[in-house]
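> Structure below; questions to follow.
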Amino acid sequence: MDTRTGTVEGRTSVPLSFFGHRVAVSPDGRRLYVANEDYDGQLFVIDTGTMRNLARPVDLPGLVSDIAVSPDSGRVFVALTDKGEVATFPANDPHAISRFTLKQP
């Protein structure tokens with residue numbers, strides 16, 4: 001979607017969900033990250049130039065509640081609601097996942 005004109009620039013497909021998706025676009029506009037609540041812990045990485053999946057879905061150890069991408073587009077952060085954790089990985093190697101636990105106040 002071109003946000004200036006409102007025109008659709010490309011389409012892709014990911015498994016549909018009754019419950020919805022979590023979506024983030026990298027600041028450089030090159031990647032689209034899509035999580036589907038029906039597919040526990042799967043994150044799809046899509047090249048916005050070709051609108052194709054870059055690799056097999058990223059398997060995460062929990063339900064995705066939010067996705068964020070660093071300002072330089074080099075790192076992705078995924079909040080895992082049911083685990084109280086954040087999973088993170090380099091954008092150029094989405095299967096090199098590390099996790100850290102969020103402390104409760």
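We label chains A, B, ... in the order they appear in the structure tokens, count residues from 1 in each chain, and number ligands from 1 in the order shown.
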Report as a Markdown table: every residue of region 14-80 of chain A with an atom at most 10 Å from region 89-105 of chain A, its closest pair of atoms, and their distance in Å to one decimal, counting only C-alpha atoms, with rows sorted by chain and ascending residue number.


```
| residue | atom | partner | partner_atom | distance |
| --- | --- | --- | --- | --- |
| A:Ser26 | CA | A:Ala91 | CA | 9.2 |
| A:Arg31 | CA | A:Ala91 | CA | 8.8 |
| A:Leu43 | CA | A:Pro94 | CA | 9.4 |
| A:Phe44 | CA | A:Pro94 | CA | 9.7 |
| A:Val45 | CA | A:Pro94 | CA | 8.2 |
| A:Leu54 | CA | A:Pro94 | CA | 9.7 |
| A:Ala55 | CA | A:Pro94 | CA | 8.8 |
| A:Arg56 | CA | A:His95 | CA | 9.3 |
| A:Pro57 | CA | A:His95 | CA | 8.9 |
| A:Val58 | CA | A:His95 | CA | 6.1 |
| A:Asp59 | CA | A:His95 | CA | 7.9 |
| A:Leu60 | CA | A:Ile97 | CA | 8.3 |
| A:Pro61 | CA | A:Arg99 | CA | 9.5 |
| A:Val69 | CA | A:Ala91 | CA | 8.6 |
| A:Ser70 | CA | A:Ala91 | CA | 9.4 |
| A:Ser73 | CA | A:Ala91 | CA | 7.0 |
| A:Gly74 | CA | A:Ala91 | CA | 5.1 |
| A:Arg75 | CA | A:Pro90 | CA | 4.5 |
| A:Val76 | CA | A:Phe89 | CA | 5.6 |
| A:Phe77 | CA | A:Phe89 | CA | 6.9 |
| A:Val78 | CA | A:Phe89 | CA | 8.9 |
| A:Ala79 | CA | A:Leu102 | CA | 9.6 |
| A:Leu80 | CA | A:Thr101 | CA | 9.6 |
```

> Keeping only C-alpha atoms, write the selected residues to a file as a PDB file, in the first residue's frame.


```
ATOM      1  CA  SER A  26      10.595  -2.272   8.570  1.00  0.00           C
ATOM      2  CA  ARG A  31      10.292  -6.196   4.812  1.00  0.00           C
ATOM      3  CA  LEU A  43       6.043 -15.143  12.025  1.00  0.00           C
ATOM      4  CA  PHE A  44       6.128 -14.662   8.263  1.00  0.00           C
ATOM      5  CA  VAL A  45       8.884 -12.489   6.761  1.00  0.00           C
ATOM      6  CA  LEU A  54      11.838 -14.755   2.301  1.00  0.00           C
ATOM      7  CA  ALA A  55      12.130 -18.131   4.011  1.00  0.00           C
ATOM      8  CA  ARG A  56      10.107 -20.628   5.939  1.00  0.00           C
ATOM      9  CA  PRO A  57       8.067 -19.045   8.736  1.00  0.00           C
ATOM     10  CA  VAL A  58       9.969 -18.195  11.905  1.00  0.00           C
ATOM     11  CA  ASP A  59       8.865 -20.533  14.692  1.00  0.00           C
ATOM     12  CA  LEU A  60       8.533 -18.683  17.986  1.00  0.00           C
ATOM     13  CA  PRO A  61       7.866 -20.263  21.381  1.00  0.00           C
ATOM     14  CA  VAL A  69      11.576  -3.283  14.103  1.00  0.00           C
ATOM     15  CA  SER A  70      14.636  -1.243  15.105  1.00  0.00           C
ATOM     16  CA  SER A  73      15.724  -2.059  10.192  1.00  0.00           C
ATOM     17  CA  GLY A  74      18.461  -4.404  11.421  1.00  0.00           C
ATOM     18  CA  ARG A  75      16.690  -6.105  14.327  1.00  0.00           C
ATOM     19  CA  VAL A  76      13.184  -7.414  14.993  1.00  0.00           C
ATOM     20  CA  PHE A  77      11.532  -7.663  18.409  1.00  0.00           C
ATOM     21  CA  VAL A  78       8.486  -9.848  19.054  1.00  0.00           C
ATOM     22  CA  ALA A  79       6.457  -9.754  22.278  1.00  0.00           C
ATOM     23  CA  LEU A  80       5.314 -13.216  23.386  1.00  0.00           C
TER      24      LEU A  80
END
```

> Name the residues in contact with Arg22 (chain A) at a cut-off of 10 Å, using only C-alpha atoms, excluding same-chain residues fewer than 5 positions from it; report them as a PyMOL selection string.

chain A and resi 33-37+43+64-67+78

> Take the selection from the previous step and output its residues with N, CA, C and O atoms, as a JSON list (two decimals), in the first residue's frame.


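This went into out.json:
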```
[["chain", "number", "residue", "atom", "x", "y", "z"],
["A", 33, "TYR", "N", 6.55, -7.99, 8.31],
["A", 33, "TYR", "CA", 6.53, -9.08, 9.28],
["A", 33, "TYR", "C", 5.07, -9.30, 9.68],
["A", 33, "TYR", "O", 4.39, -8.36, 10.09],
["A", 34, "VAL", "N", 4.60, -10.55, 9.56],
["A", 34, "VAL", "CA", 3.20, -10.86, 9.83],
["A", 34, "VAL", "C", 3.12, -12.06, 10.75],
["A", 34, "VAL", "O", 3.67, -13.12, 10.45],
["A", 35, "ALA", "N", 2.42, -11.89, 11.87],
["A", 35, "ALA", "CA", 2.16, -13.01, 12.78],
["A", 35, "ALA", "C", 0.67, -13.31, 12.74],
["A", 35, "ALA", "O", -0.15, -12.41, 12.64],
["A", 36, "ASN", "N", 0.35, -14.57, 12.84],
["A", 36, "ASN", "CA", -1.03, -15.02, 12.77],
["A", 36, "ASN", "C", -1.37, -15.73, 14.07],
["A", 36, "ASN", "O", -0.69, -16.67, 14.44],
["A", 37, "GLU", "N", -2.42, -15.26, 14.76],
["A", 37, "GLU", "CA", -2.76, -15.83, 16.07],
["A", 37, "GLU", "C", -3.21, -17.28, 16.00],
["A", 37, "GLU", "O", -3.13, -18.00, 16.97],
["A", 43, "LEU", "N", 5.86, -16.48, 12.56],
["A", 43, "LEU", "CA", 6.04, -15.14, 12.03],
["A", 43, "LEU", "C", 6.51, -15.28, 10.58],
["A", 43, "LEU", "O", 7.47, -15.98, 10.29],
["A", 64, "VAL", "N", 2.25, -14.39, 19.66],
["A", 64, "VAL", "CA", 2.78, -13.06, 19.33],
["A", 64, "VAL", "C", 1.73, -12.01, 19.63],
["A", 64, "VAL", "O", 0.60, -12.07, 19.15],
["A", 65, "SER", "N", 2.09, -11.01, 20.45],
["A", 65, "SER", "CA", 1.17, -9.93, 20.75],
["A", 65, "SER", "C", 1.57, -8.61, 20.09],
["A", 65, "SER", "O", 0.75, -7.73, 19.93],
["A", 66, "ASP", "N", 2.84, -8.49, 19.70],
["A", 66, "ASP", "CA", 3.28, -7.27, 19.05],
["A", 66, "ASP", "C", 4.61, -7.52, 18.35],
["A", 66, "ASP", "O", 5.36, -8.42, 18.73],
["A", 67, "ILE", "N", 4.87, -6.71, 17.33],
["A", 67, "ILE", "CA", 6.11, -6.79, 16.56],
["A", 67, "ILE", "C", 6.67, -5.38, 16.41],
["A", 67, "ILE", "O", 5.91, -4.45, 16.12],
["A", 78, "VAL", "N", 9.82, -9.27, 19.05],
["A", 78, "VAL", "CA", 8.49, -9.85, 19.05],
["A", 78, "VAL", "C", 8.08, -10.13, 20.49],
["A", 78, "VAL", "O", 8.75, -10.89, 21.20]]
```

> Work out how far apart CA of Thr48 (chain A) and CA of Gly29 (chain A) are and give it in Å to one decimal.

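According to the coordinates, CA of Thr48 (chain A) and CA of Gly29 (chain A) are separated by 7.1 Å.
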
> One decimal, in Å: what's the spacing between CA of Asn53 (chain A) and CA of Val86 (chain A)?

22.7 Å

> Which residue, A:Ala68, A:Ala87, A:Met51, A:Ile46, has the smallest gap to Pro27 (chain A) when you use only C-alpha atoms?

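Under the stated criterion, the closest residue is A:Ala68.
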
> Between CA of Gly84 (chain A) and CA of Gly62 (chain A), what is the distance, to one decimal in Å?

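Distance between the two atoms: 9.3 Å.
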